[in-house]
file work-v9.csv (CSV, C-alpha atoms)
chain,number,residue,atom,x,y,z
A,1,THR,CA,23.6,51.5,-30.5
A,2,ILE,CA,21.8,53.9,-28.3
A,3,VAL,CA,18.9,54.2,-30.8
A,4,ARG,CA,18.7,50.4,-31.3
A,5,ASP,CA,18.5,49.9,-27.5
A,6,LEU,CA,15.7,52.5,-27.3
A,7,GLN,CA,13.8,50.8,-30.2
A,8,ALA,CA,14.2,47.4,-28.5
A,9,ARG,CA,12.7,48.9,-25.3
A,10,LEU,CA,9.8,50.3,-27.2
A,11,TRP,CA,9.1,46.9,-28.8
A,12,ARG,CA,9.6,44.9,-25.6
A,13,ASP,CA,7.3,47.2,-23.6
A,14,ARG,CA,4.8,48.0,-26.4
A,15,LYS,CA,1.8,46.4,-24.7
A,16,ARG,CA,2.3,48.4,-21.5
A,17,LEU,CA,3.1,51.6,-23.4
A,18,TRP,CA,0.0,51.4,-25.6
A,19,ASP,CA,-2.2,50.1,-22.8
A,20,GLY,CA,-2.6,46.6,-24.3
A,21,SER,CA,-3.4,47.8,-27.8
A,22,ALA,CA,0.1,48.2,-29.4
A,23,PRO,CA,0.2,48.8,-33.2
A,24,SER,CA,1.0,45.8,-35.4
A,25,ASP,CA,3.1,47.8,-37.8
A,26,PRO,CA,6.7,48.1,-36.6
A,27,VAL,CA,6.9,51.6,-38.1
A,28,ASP,CA,4.1,52.7,-35.8
A,29,ILE,CA,6.1,51.5,-32.8
A,30,LEU,CA,8.7,54.2,-33.7
A,31,ASP,CA,6.6,57.0,-32.2
A,32,PRO,CA,8.8,59.7,-30.7
A,33,ALA,CA,6.0,60.9,-28.5
A,34,ILE,CA,5.8,57.5,-26.8
A,35,ALA,CA,9.6,57.2,-26.6
A,36,VAL,CA,9.8,60.6,-24.9
A,37,HIS,CA,7.5,59.2,-22.2
A,38,LEU,CA,9.6,56.1,-22.0
A,39,VAL,CA,12.8,58.1,-21.2
A,40,GLY,CA,11.0,60.1,-18.4
A,41,TYR,CA,9.8,63.2,-20.1
A,42,GLU,CA,6.3,64.5,-20.7
A,43,PHE,CA,5.4,65.1,-24.4
A,44,LEU,CA,3.1,68.0,-25.2
A,45,LEU,CA,1.7,69.4,-28.4
A,46,ALA,CA,1.2,73.2,-28.4
A,47,ASP,CA,-0.7,75.5,-30.7
A,48,GLY,CA,2.4,77.7,-30.8
A,49,LEU,CA,5.7,78.0,-29.0
A,50,GLY,CA,6.7,81.6,-29.8
A,51,GLN,CA,9.7,82.8,-31.7
A,52,PHE,CA,13.4,83.3,-31.1
A,53,GLN,CA,16.2,85.4,-32.7
A,54,SER,CA,18.9,83.6,-34.7
A,55,GLY,CA,21.6,84.8,-37.0
A,56,SER,CA,19.2,84.5,-39.9
A,57,GLY,CA,16.4,86.5,-38.3
A,58,VAL,CA,13.3,85.7,-36.2
A,59,ILE,CA,12.5,82.0,-36.2
A,60,GLU,CA,9.2,80.3,-35.3
A,61,VAL,CA,9.9,77.7,-32.6
A,62,ALA,CA,8.9,74.2,-33.7
A,63,GLY,CA,10.3,72.2,-30.8
A,64,LEU,CA,11.4,72.8,-27.3
A,65,ILE,CA,13.0,70.7,-24.6
A,66,ASP,CA,13.0,71.8,-20.9
A,67,ARG,CA,15.4,69.5,-19.0
A,68,THR,CA,14.4,71.2,-15.7
A,69,SER,CA,10.7,70.3,-15.9
A,70,ARG,CA,11.5,67.3,-18.1
A,71,THR,CA,9.1,68.2,-20.8
A,72,VAL,CA,9.2,68.2,-24.6
A,73,HIS,CA,7.0,70.5,-26.6
A,74,VAL,CA,6.2,70.4,-30.3
A,75,SER,CA,4.3,73.0,-32.2
A,76,ARG,CA,1.2,72.0,-34.2
A,77,GLN,CA,1.8,75.0,-36.6
A,78,PHE,CA,4.0,72.8,-38.8
A,79,PRO,CA,3.1,69.9,-41.1
A,80,LEU,CA,3.1,66.4,-39.7
A,81,PRO,CA,6.5,65.3,-41.1
A,82,VAL,CA,8.1,68.4,-39.5
A,83,GLN,CA,6.4,67.6,-36.2
A,84,THR,CA,7.5,64.0,-36.3
A,85,PHE,CA,11.2,64.8,-37.2
A,86,THR,CA,11.2,67.7,-34.7
A,87,ALA,CA,9.9,65.4,-31.9
A,88,ALA,CA,12.5,62.8,-32.7
A,89,HIS,CA,15.2,65.5,-32.7
A,90,GLU,CA,14.1,66.6,-29.2
A,91,LEU,CA,14.1,63.0,-28.1
A,92,GLY,CA,17.7,62.8,-29.3
A,93,HIS,CA,18.6,65.8,-27.1
A,94,ALA,CA,16.9,64.1,-24.1
A,95,VAL,CA,18.7,60.8,-24.6
A,96,LEU,CA,22.1,62.0,-25.7
A,97,ARG,CA,22.5,65.0,-23.4
A,98,PRO,CA,20.5,64.1,-20.2
A,99,ILE,CA,22.6,66.2,-17.9
A,100,GLY,CA,21.8,69.9,-17.4
A,101,GLY,CA,18.9,72.2,-17.1
A,102,GLY,CA,17.2,75.0,-18.8
A,103,VAL,CA,15.2,75.4,-22.0
A,104,HIS,CA,16.5,74.7,-25.6
A,105,ARG,CA,14.4,75.8,-28.6
A,106,ASP,CA,14.6,74.5,-32.1
A,107,ARG,CA,13.4,75.7,-35.5
A,108,ALA,CA,11.4,73.5,-37.8
A,109,ILE,CA,13.3,70.3,-38.7
A,110,ASP,CA,12.3,67.9,-41.4
A,111,GLY,CA,15.6,66.2,-42.0
A,112,PRO,CA,19.3,66.4,-41.6
A,113,ASN,CA,20.6,70.0,-41.9
A,114,GLN,CA,24.4,70.3,-42.3
A,115,SER,CA,24.5,74.0,-41.4
A,116,ARG,CA,23.9,73.7,-37.7
A,117,ASP,CA,26.3,73.0,-34.8
A,118,ARG,CA,27.6,69.6,-33.5
A,119,PHE,CA,24.9,69.0,-30.9
A,120,GLU,CA,22.1,69.8,-33.4
A,121,LEU,CA,23.7,67.5,-36.0
A,122,GLU,CA,23.9,64.8,-33.4
A,123,ALA,CA,20.2,65.1,-32.6
A,124,ASP,CA,19.4,65.1,-36.3
A,125,LYS,CA,21.3,61.8,-36.8
A,126,PHE,CA,19.6,60.3,-33.8
A,127,ALA,CA,16.2,61.3,-35.3
A,128,THR,CA,17.2,59.7,-38.6
A,129,TYR,CA,18.3,56.5,-37.1
A,130,PHE,CA,15.2,56.4,-34.8
A,131,LEU,CA,12.6,57.1,-37.5
A,132,LEU,CA,14.3,55.4,-40.4
A,133,PRO,CA,16.1,52.3,-39.2
A,134,ALA,CA,18.2,50.8,-41.9
A,135,ASN,CA,16.8,47.2,-41.9
A,136,LEU,CA,13.2,48.3,-42.0
A,137,VAL,CA,13.7,50.9,-44.7
A,138,ARG,CA,15.6,48.4,-46.8
A,139,LYS,CA,12.8,45.8,-46.3
A,140,ARG,CA,10.0,48.3,-47.3
A,141,PHE,CA,12.1,49.6,-50.3
A,142,GLU,CA,12.6,46.1,-51.6
A,143,ALA,CA,8.9,45.2,-51.1
A,144,LEU,CA,7.8,48.2,-53.2
A,145,PHE,CA,10.4,48.2,-55.9
A,146,GLY,CA,11.3,44.5,-56.1
A,147,THR,CA,15.0,45.1,-55.7
A,148,ALA,CA,17.6,45.7,-53.0
A,149,MET,CA,19.2,48.5,-55.2
A,150,PHE,CA,17.3,50.5,-57.8
A,151,PHE,CA,19.1,50.8,-61.2
A,152,LEU,CA,17.6,53.1,-63.8
A,153,SER,CA,17.0,51.1,-67.0
A,154,GLU,CA,14.5,51.1,-69.8
A,155,GLU,CA,12.3,48.7,-67.7
A,156,THR,CA,12.6,50.5,-64.4
A,157,ALA,CA,12.1,54.0,-65.9
A,158,PHE,CA,8.9,52.9,-67.5
A,159,ALA,CA,7.7,51.0,-64.4
A,160,LEU,CA,8.4,54.1,-62.2
A,161,CYS,CA,7.3,56.9,-64.5
A,162,GLY,CA,5.8,55.5,-67.7
A,163,LEU,CA,8.5,57.2,-69.6
A,164,ALA,CA,11.5,56.2,-71.7
A,165,ILE,CA,14.8,56.2,-69.9
A,166,GLN,CA,16.2,59.3,-71.8
A,167,ASP,CA,13.1,61.3,-70.7
A,168,VAL,CA,13.5,60.2,-67.1
A,169,ARG,CA,17.2,61.2,-67.1
A,170,ARG,CA,16.3,64.5,-68.6
A,171,LYS,CA,13.5,65.2,-66.1
A,172,TYR,CA,15.3,63.8,-63.1
A,173,SER,CA,18.9,64.7,-63.9
A,174,THR,CA,20.6,64.1,-60.5
A,175,ARG,CA,20.8,61.3,-58.0
A,176,ARG,CA,18.8,63.5,-55.5
A,177,HIS,CA,16.1,64.0,-58.1
A,178,LEU,CA,15.8,60.2,-58.5
A,179,SER,CA,15.9,59.5,-54.7
A,180,ARG,CA,13.1,62.1,-54.2
A,181,LEU,CA,11.1,60.4,-56.9
A,182,LEU,CA,11.5,57.0,-55.2
A,183,ALA,CA,10.8,58.4,-51.7
A,184,GLY,CA,7.5,59.9,-52.8
A,185,ALA,CA,6.4,57.3,-55.4
A,186,GLU,CA,2.9,55.9,-55.0
A,187,GLN,CA,3.0,53.4,-57.8
A,188,TYR,CA,5.5,51.1,-59.5
A,189,ASN,CA,5.0,48.7,-62.4
A,190,GLY,CA,1.2,49.1,-62.2
A,191,ARG,CA,1.0,48.6,-58.4
A,192,HIS,CA,-0.4,51.3,-56.2
A,193,PHE,CA,0.9,51.8,-52.6
A,194,VAL,CA,1.6,54.2,-49.8
A,195,SER,CA,4.9,56.0,-50.4
A,196,LEU,CA,7.9,55.4,-48.3
A,197,ALA,CA,7.8,59.0,-47.0
A,198,VAL,CA,4.2,58.6,-45.9
A,199,GLN,CA,4.7,55.1,-44.4
A,200,PHE,CA,7.5,56.4,-42.2
A,201,ARG,CA,5.8,59.8,-41.5
A,202,VAL,CA,8.8,61.9,-42.7
A,203,SER,CA,9.3,64.4,-45.5
A,204,ILE,CA,10.2,63.3,-49.0
A,205,GLU,CA,13.5,65.0,-48.6
A,206,ALA,CA,14.4,63.2,-45.3
A,207,MET,CA,13.5,59.8,-46.9
A,208,ALA,CA,15.4,60.7,-50.1
A,209,ILE,CA,18.6,61.4,-48.1
A,210,ARG,CA,18.1,58.1,-46.2
A,211,LEU,CA,17.8,56.1,-49.4
A,212,GLU,CA,21.1,57.6,-50.5
A,213,GLU,CA,22.8,56.9,-47.2
A,214,LEU,CA,21.7,53.3,-47.4
A,215,GLU,CA,22.9,53.1,-51.1
A,216,LEU,CA,19.5,51.9,-52.3
A,217,LEU,CA,19.7,53.5,-55.7
A,218,SER,CA,22.3,53.8,-58.4
A,219,ARG,CA,22.4,56.1,-61.4
call {"tool": "encode", "arguments": {"input": "work-v9.csv", "output": "structure tokens"}}
result
Amino acid sequence: TIVRDLQARLWRDRKRLWDGSAPSDPVDILDPAIAVHLVGYEFLLADGLGQFQSGSGVIEVAGLIDRTSRTVHVSRQFPLPVQTFTAAHELGHAVLRPIGGGVHRDRAIDGPNQSRDRFELEADKFATYFLLPANLVRKRFEALFGTAMFFLSEETAFALCGLAIQDVRRKYSTRRHLSRLLAGAEQYNGRHFVSLAVQFRVSIEAMAIRLEELELLSR
């Protein structure tokens, strides 16, 4: 509900936020940098944010939120999908935990990570809902693959990979393998297109997990 309210504000105020030239693609409206400004923070890209010590060693900082100065920083040192998900994660911290001060630093984040604490998981979930809204992902998925749920069959195996179904099952033996294939696919049944992961500016892994959450594929 919190994410949907924020997305609605972005859509409603898009002309003002983009100075009269708002993007026409709804996916482009879901820009965490613009949303950070909307909730009262400054968004800054940095060439580097230093390092911090964690239980697994020294970690390069990918994102930082300073609630005292109300700034969010994201490092350019990481690939664009990592920058995007990290920015949305910091946005989640700003929206879900607005009270308090001080600086919080994050490692590189390109999708949900079940090994971190509750507040980090909460920000991850916020980022997933913000960048990959269910209705929009479903709509784009169906537009690319011609179905609301992908079933692997002789026809779909050939349309996706140009291979027989037994070869696809051998090469992509798990549900995650197949979801990654769909997330990064750039053609289907002879049609070429921009992959879902690239359309939504997230990693193939983050998109694959979202496809599974939304039950858009079946083995």
call {"tool": "atom_distance", "arguments": {"input": "work-v9.csv", "atom1": "CA of Lys125 (chain A)", "atom2": "CA of Thr147 (chain A)"}}
result
26.0 Å
call {"tool": "closest_residue", "arguments": {"input": "work-v9.csv", "among": "A:Glu142, A:Glu60, A:Asp31, A:Asp5", "to": "Ala87 (chain A)", "atoms": "only C-alpha atoms"}}
result
A:Asp31
call {"tool": "closest_atom_pairs", "arguments": {"input": "work-v9.csv", "of": "region 36-110 of chain A", "to": "region 200-211 of chain A", "cutoff": "7 Å", "atoms": "only C-alpha atoms", "output": "JSON lines"}}
result
{"residue": "A:Pro81", "atom": "CA", "partner": "A:Val202", "partner_atom": "CA", "distance": 4.4}
{"residue": "A:Thr84", "atom": "CA", "partner": "A:Val202", "partner_atom": "CA", "distance": 6.9}
{"residue": "A:Phe85", "atom": "CA", "partner": "A:Val202", "partner_atom": "CA", "distance": 6.7}
{"residue": "A:Asp110", "atom": "CA", "partner": "A:Ser203", "partner_atom": "CA", "distance": 6.2}
call {"tool": "closest_residue", "arguments": {"input": "work-v9.csv", "among": "A:Thr68, A:Ser173, A:Ser24, A:Gln77", "to": "Gly48 (chain A)", "atoms": "only C-alpha atoms"}}
result
A:Gln77
call {"tool": "atom_distance", "arguments": {"input": "work-v9.csv", "atom1": "CA of Leu196 (chain A)", "atom2": "CA of Phe119 (chain A)"}}
result
27.9 Å
call {"tool": "residues_around", "arguments": {"input": "work-v9.csv", "residues": "Ala62 (chain A)", "least_positions_apart": "5", "cutoff": "8 Å", "atoms": "all atoms listed in the file", "output": "list of chain:residue names"}}
result
A:Gly48, A:Leu49, A:Val74, A:Ser75, A:Gln77, A:Phe78, A:Gln83, A:Thr86, A:Arg105, A:Asp106, A:Arg107, A:Ala108, A:Ile109
call {"tool": "atom_distance", "arguments": {"input": "work-v9.csv", "atom1": "CA of Arg12 (chain A)", "atom2": "CA of Ala94 (chain A)"}}
result
20.6 Å
